[in-house]
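Worksheet: the structure to be examined is printed underneath.
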Amino acid sequence: MNGRRLVIALAGNANVGKSVIFNYLTRLHQHIGNWPGKTVEKAEGTLHFKGYTIDVVDLPGIYSLSTYSIEESISRRFIAVDKPDVVINVIDASVLERNLFFTLQLMELETPMVIALNQMDVASRKGIQIDVEKLEEILGVPVVPTIAVKGVGIFKLLEKAVEIFEGKLSAKPKPVKYGEEVEQRIERIAEAVRDSGLPYPARYVAIKLLEGDREIQEEVEKADPQAAALARRLGEELEKLHGHSCPTLITSERYQAANCIAREVQRLIPPVKPTLGEKLHNVTTHRVAGYLVMAATLLSMFLFVFAVGNILSEFLSSLLYGLKPFFEGFFGTGFLAQLFWGGVVEGLIAGATIALPYVIPFYLVLYFLEDSGYLSRIAFLMDSIMHRMGLHGKAFIPLLLGYGCNVPACLGCRIMETQRERLIAAFVTTLVPCAARTVIILGLVGRFIGIQWALVLYVFDLLIIFLLGRLAFKILPGEPTGLIMEMPDYRLPHLRTVLSQTWFRLLEFLKIAFPLIIVSTLTVKLLEALGMLSFFTSLLAPVTVGWLGLPVETGVTLLFGVLRKELALIMLTTLLGTTDLSQALTPVQMTVFTIVSMFYIPCVATIATLVMEFGWRKALVITVSEVFLALVLGGLALRILVLTGLR
Amino acid sequence: MSTTVETGGREVPLAMLRDGETGIVVSVKSGYGGAWGLKKRLMDMGITPGTRITVVKSAPFHGPMEILVRGYRLAIGRGMAERIFVRVEETQAGCRES
Ligand SMILES: Nc1nc2c(ncn2[C@@H]2O[C@H](COP(=O)(O)OP(=O)(O)OP(=O)(O)O)[C@@H](O)[C@H]2O)c(=O)[nH]1
Ligand SMILES: [Mg+2]
């Protein structure tokens with residue numbers, strides 16, 4: 001084993017399959033789905049290959065080296081500044097032209113690269129045939145056809161990448177030749193910046209200057225003001241000559257080049273009949289049917305989760321609680337045995353019977369939807385409503401993902417273009433009932449009062465989100481950015497991807513949730529045994545009992561719920577000593593408890609994410625205001641429900 | 001909206017095209033207060049002068065438009081579509097009933 005290291009980055013447009021390749025190479029579990037913008041942070045993994053230790057870096061998708069949102073600048077910085085040894089440029093063979101536009105920019109950066117011509121199966125299904133050798137010849141870069149989801153071509157891809165690094169492949173990239181007038185000026189600017197000590201190729205700097213790239217302009221301004229002035233002057237000349245702005249000119253000519261290459265290497269025999277995917281697309285984005293389908297989809301999703309969850313929950317409780325006689329037979333009924341049963345085993349059982357049953361089907365459905373391509377259609381339909389909150393349709397995707405877990409959803413808000421939009425989007429995302437809160441909604445209200453009331457709570461939550469989103473928009477006014485979003489073709493969800501994503505999310509859940517459950521229940525049981533629990537609960541009693549009308553025990557469980565929301569319910573069962581909560585709580589109490597748990601605070605992990613993304617001040621404001629929100633809503637709900645004669 | 005699209009070589013914002021109509025991009029106007037980024041973004045997504053764009057459908061309530069550009073499907077907000085000026089294709093126009 002020698003210490004030869006090599007950094008390979010995966011770069012390319014959004015949704016082309018970079019993360020699939022990354023996962024395949026590193027055996028890690030990056031988020032995969034069929035919508036643009038999933039990877040929002042660079043991810044690293046290692047692999048050993050031909051005596052090398054290779055660091056593989058998965059990057060967020062970008063359409064151009066001129067960047068807009070945070071996740072895109074992460075990619076650009078890594079490619080242009082950190083300079084990986086080799087870039088694997090993953091391109092979607094079924095949208096060749098737009099992908100090549102980015103490839104041409106990478107070539108201008110003179111990055112050593114290999115092209116993964118991915119999604120070959122999709123391309124051929126769409127009737128697109130690509131002459132790989134010709135593409136290789138035109139670009140002067142090795143091209144490897146791949147089908148990432150099946151692992152086809154990945155080994156060869158890696159081989160080529162290593163050969164490029166070793167200089168065994170004599171790749172001579174042939175970058176774009178712009179028009180005569182443009183070329184002359186690029187030459188002159190490149191000459192001027194050649195000795196300015198910038199860490200990029202001179203030609204690249206010249207092109208980016210003409211393209212109006214802010215970052216490069218600033219860098220050049222600092223390093224060599226004269227060159228910057230020259231670039232400005234020559235740019236103005238070009239604008240006079242062509243009647244278009246200089247960035248327009250460069251972008252157009254580069255696209256023209258991409259277009260020519262694409263036309264030269266691909267043969268198109270479009271299928272005669274519209275595919276099933278297209279028909280599905282037409283229905284799901286239809287101005288009337290689209291909304292009906294969306295409502296039906298979300299509704300059946302919840303019904304499915306509830307039905308499966310109930311069956312699993314019942315099965316698991318009868319199985320696990322049946323263990324108690326064996327347990328007592330083995331450990332006896334002494335103090336320690338009881339503490340062990342009540343503090344550890346019961347906590348685990350409660351976790352297994354209350355949380356898991358709803359979490360598993362939920363993730364399955366969510367990943368299924370994600371991998372189908374439906375999310376971008378929903379974003380399309382929801383665009384105008386999101387505008388009312390100062391956001392655009394794309395923000396609906398993190399919002400939906402929030403139903404799984406708020407943490408990645410808040411990170412996912414990076415796909416929004418401005419800081420203001422990111423903040424509003426993340427704020428409303430924390431109000432979305434995540435899987436943990438779904439456990440409470442379905443496991444308490446759904447189970448003991450009725451599924452229709454659980455549904456009412458979900459709708460109520462959406463209403464609150466909308467109202468608070470509007471309020472946030474009023475507080476943080478600004479022109480919402482318009483939507484610009486690719487809608488990838490529908491695809492039959494890849495079963496293995498869906499299953500493995502569910503499985504690894506579940507493992508994560510188990511790893512974090514169960515230790516917390518044990519520690520928390522044990523703490524509470526100990527406090528109870530020491531007679532100190534009543535002290536803490538009585539401190540909170542004015543709020544929990546006085547204002548919210550809940551049993552006094554809920555004070556502690558809600559406190560622990562900050563760690564993870566479902567703890568609030570799980571610990572309630574251990575404290576009240578029964579999973580049949582209908583014996584301990586009235587329907588009104590269940591509803592109030594659920595409403596409070598839905599809103600009262602983002603969990604610790606979410607707060608940490610908010611701090612990381614927006615700073616502790618904003619995180620604090622969001623956290624505190626949600627505590628108040630929950631108390632107000634819970635108290636009001638109690639009084640209204642009691643007024644209407646419910647108990 | 002009750003707009004009749006003039007095809008006599010006049011430029012109209014993309015937002016005025018009806019479902020199924022095709023236009024050739026003439027220019028893309030930059031955003032409010034010269035928000036250059038958005039214009040560049042549109043161009044980076046392939047909407048450059050000379051590009052052919054087909055409007056597939058528009059979402060209700062002043063929602064976004066679905067367009068076909070360079071062989072893929074793009075959703076763009078109505079505000080964006082108002083900044084993209086196109087010339088409606090003559091051949092297309094000839095096929096439509098007058
Ligand atoms: N049929 C087919 N599907 C593929 C192929 N490669 C990737 N996919 C699918 O394409 C979608 C996007 O894949 P990802 O790996 O998540 O894409 P990405 O490039 O990482 O996307 P971002 O992180 O959003 O930029 C997923 O639904 C994959 O299952 C392929 O070769 N064939
Ligand atoms: Mg990815």
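We label chains A, B, ... in the order they appear in the structure tokens, count residues from 1 in each chain, and number ligands from 1 in the order shown.
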
Please find the residues of chain B near chain A - the criterion being any atom within 10 Å, counting only C-alpha atoms - and write them as a ChimeraX atom specification. /B:27-28,31-32,36-51,56-67,69-81

Residues of chain A within 8 Å of ligand 1: nearest atom pair and distance (Å, one decimal) for each, counting only C-alpha atoms and all ligand atoms, sorted by chain and number, as a tab-separated table?
residue	atom	partner	partner_atom_place_in_ligand_line	distance
A:Ala11	CA	ligand 1	19 (O)	8.0
A:Gly12	CA	ligand 1	19 (O)	6.9
A:Asn13	CA	ligand 1	25 (O)	6.3
A:Ala14	CA	ligand 1	25 (O)	3.4
A:Asn15	CA	ligand 1	21 (O)	3.3
A:Val16	CA	ligand 1	19 (O)	4.0
A:Gly17	CA	ligand 1	15 (O)	3.2
A:Lys18	CA	ligand 1	19 (O)	3.8
A:Ser19	CA	ligand 1	15 (O)	3.6
A:Val20	CA	ligand 1	15 (O)	3.9
A:Ile21	CA	ligand 1	15 (O)	6.6
A:Phe22	CA	ligand 1	15 (O)	7.7
A:His31	CA	ligand 1	16 (O)	6.4
A:Ile32	CA	ligand 1	16 (O)	3.6
A:Gly33	CA	ligand 1	27 (O)	4.2
A:Asn34	CA	ligand 1	27 (O)	3.7
A:Trp35	CA	ligand 1	24 (O)	6.0
A:Pro36	CA	ligand 1	24 (O)	4.0
A:Gly37	CA	ligand 1	24 (O)	3.6
A:Lys38	CA	ligand 1	24 (O)	3.9
A:Thr39	CA	ligand 1	23 (O)	3.7
A:Val40	CA	ligand 1	23 (O)	7.0
A:Asp58	CA	ligand 1	20 (O)	7.6
A:Leu59	CA	ligand 1	23 (O)	7.2
A:Pro60	CA	ligand 1	25 (O)	4.8
A:Gly61	CA	ligand 1	25 (O)	3.5
A:Ile62	CA	ligand 1	25 (O)	7.0
A:Val90	CA	ligand 1	19 (O)	7.6
A:Asn118	CA	ligand 1	31 (O)	5.0
A:Gln119	CA	ligand 1	31 (O)	3.4
A:Met120	CA	ligand 1	31 (O)	6.0
A:Asp121	CA	ligand 1	32 (N)	5.7
A:Val122	CA	ligand 1	1 (N)	5.3
A:Thr146	CA	ligand 1	31 (O)	6.1
A:Ile147	CA	ligand 1	31 (O)	3.3
A:Ala148	CA	ligand 1	31 (O)	4.0
A:Val149	CA	ligand 1	5 (C)	4.9
A:Lys150	CA	ligand 1	31 (O)	6.9
A:Val152	CA	ligand 1	31 (O)	8.0
A:Glu370	CA	ligand 1	27 (O)	7.6
A:Asp371	CA	ligand 1	27 (O)	4.7
A:Ser372	CA	ligand 1	27 (O)	6.9
A:Gly373	CA	ligand 1	27 (O)	7.3
A:Arg491	CA	ligand 1	1 (N)	7.2
A:Pro493	CA	ligand 1	27 (O)	7.0
A:His494	CA	ligand 1	29 (O)	6.1
A:Thr497	CA	ligand 1	29 (O)	6.8

Generate the output file for the selected residues, C-alpha atoms, as a PDB file, in the first residue's frame.
ATOM      1  CA  ALA A  11     -19.244  17.687 -11.607  1.00  0.00           C
ATOM      2  CA  GLY A  12     -22.024  18.441 -14.018  1.00  0.00           C
ATOM      3  CA  ASN A  13     -25.561  19.687 -14.440  1.00  0.00           C
ATOM      4  CA  ALA A  14     -28.136  18.971 -11.768  1.00  0.00           C
ATOM      5  CA  ASN A  15     -29.890  15.620 -11.770  1.00  0.00           C
ATOM      6  CA  VAL A  16     -27.556  13.851 -14.177  1.00  0.00           C
ATOM      7  CA  GLY A  17     -26.527  11.043 -11.827  1.00  0.00           C
ATOM      8  CA  LYS A  18     -23.440  12.338 -10.051  1.00  0.00           C
ATOM      9  CA  SER A  19     -24.521  11.079  -6.661  1.00  0.00           C
ATOM     10  CA  VAL A  20     -25.449   7.681  -8.035  1.00  0.00           C
ATOM     11  CA  ILE A  21     -21.906   7.346  -9.368  1.00  0.00           C
ATOM     12  CA  PHE A  22     -20.506   8.680  -6.103  1.00  0.00           C
ATOM     13  CA  HIS A  31     -29.230  11.563  -1.294  1.00  0.00           C
ATOM     14  CA  ILE A  32     -30.575  10.447  -4.671  1.00  0.00           C
ATOM     15  CA  GLY A  33     -33.825  11.413  -6.299  1.00  0.00           C
ATOM     16  CA  ASN A  34     -35.264  12.590  -9.577  1.00  0.00           C
ATOM     17  CA  TRP A  35     -35.307  16.372  -9.206  1.00  0.00           C
ATOM     18  CA  PRO A  36     -32.595  18.988  -9.632  1.00  0.00           C
ATOM     19  CA  GLY A  37     -30.794  20.288  -6.552  1.00  0.00           C
ATOM     20  CA  LYS A  38     -30.552  17.416  -4.080  1.00  0.00           C
ATOM     21  CA  THR A  39     -26.867  17.623  -3.298  1.00  0.00           C
ATOM     22  CA  VAL A  40     -26.296  20.979  -1.628  1.00  0.00           C
ATOM     23  CA  ASP A  58     -19.576  14.658  -5.016  1.00  0.00           C
ATOM     24  CA  LEU A  59     -20.572  18.203  -5.894  1.00  0.00           C
ATOM     25  CA  PRO A  60     -23.891  20.004  -6.186  1.00  0.00           C
ATOM     26  CA  GLY A  61     -25.183  20.260  -9.758  1.00  0.00           C
ATOM     27  CA  ILE A  62     -24.470  23.402 -11.753  1.00  0.00           C
ATOM     28  CA  VAL A  90     -21.123  13.627 -15.678  1.00  0.00           C
ATOM     29  CA  ASN A 118     -24.591   8.907 -18.376  1.00  0.00           C
ATOM     30  CA  GLN A 119     -28.240   7.868 -18.703  1.00  0.00           C
ATOM     31  CA  MET A 120     -27.519   6.088 -21.961  1.00  0.00           C
ATOM     32  CA  ASP A 121     -30.568   3.911 -21.334  1.00  0.00           C
ATOM     33  CA  VAL A 122     -32.826   6.949 -21.065  1.00  0.00           C
ATOM     34  CA  THR A 146     -22.429   4.844 -18.537  1.00  0.00           C
ATOM     35  CA  ILE A 147     -25.688   3.722 -16.986  1.00  0.00           C
ATOM     36  CA  ALA A 148     -25.014   4.708 -13.417  1.00  0.00           C
ATOM     37  CA  VAL A 149     -27.993   3.042 -11.779  1.00  0.00           C
ATOM     38  CA  LYS A 150     -26.834  -0.295 -13.164  1.00  0.00           C
ATOM     39  CA  VAL A 152     -22.461   0.069 -16.313  1.00  0.00           C
ATOM     40  CA  GLU A 370     -38.846  11.605  -5.081  1.00  0.00           C
ATOM     41  CA  ASP A 371     -37.376   9.106  -7.458  1.00  0.00           C
ATOM     42  CA  SER A 372     -40.369   9.236  -9.787  1.00  0.00           C
ATOM     43  CA  GLY A 373     -39.864  12.883 -10.671  1.00  0.00           C
ATOM     44  CA  ARG A 491     -39.045   7.627 -14.491  1.00  0.00           C
ATOM     45  CA  PRO A 493     -38.614   4.646  -9.493  1.00  0.00           C
ATOM     46  CA  HIS A 494     -35.593   2.468  -9.155  1.00  0.00           C
ATOM     47  CA  THR A 497     -32.562   3.057  -4.757  1.00  0.00           C
TER      48      THR A 497
END

Find the residues of region 293-349 of chain A that sit at most 12 Å from region 394-416 of chain A; for each, write down the nearest two atoms and how far apart they are in Å, to one decimal. Count only C-alpha atoms. Sort by chain, then by number going up, and give it as JSON lines.
{"residue": "A:Leu298", "atom": "CA", "partner": "A:Leu400", "partner_atom": "CA", "distance": 10.2}
{"residue": "A:Met301", "atom": "CA", "partner": "A:Tyr403", "partner_atom": "CA", "distance": 11.6}
{"residue": "A:Phe302", "atom": "CA", "partner": "A:Tyr403", "partner_atom": "CA", "distance": 11.0}

Taking N, CA and C atoms for each residue, export the selection above as an mmCIF file, in the first residue's frame.
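Contents of result.cif, as written:
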data_model
loop_
_atom_site.group_PDB
_atom_site.id
_atom_site.type_symbol
_atom_site.label_atom_id
_atom_site.label_comp_id
_atom_site.auth_asym_id
_atom_site.auth_seq_id
_atom_site.Cartn_x
_atom_site.Cartn_y
_atom_site.Cartn_z
ATOM 1 N N LEU A 298 -51.254 13.102 -2.126
ATOM 2 C CA LEU A 298 -50.848 13.367 -0.755
ATOM 3 C C LEU A 298 -51.787 12.665 0.226
ATOM 4 N N MET A 301 -51.142 9.042 0.305
ATOM 5 C CA MET A 301 -49.876 8.822 0.978
ATOM 6 C C MET A 301 -50.102 8.723 2.495
ATOM 7 N N PHE A 302 -50.875 9.672 3.041
ATOM 8 C CA PHE A 302 -51.099 9.645 4.482
ATOM 9 C C PHE A 302 -51.936 8.443 4.899
#

Using CA of Gly277 (chain A) and CA of Gly151 (chain A) as the two end points, give the distance in Å to one decimal. 23.7 Å

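Distance-wise, CA of Gly329 (chain A) and CA of Trp341 (chain A) end up 12.3 Å apart.
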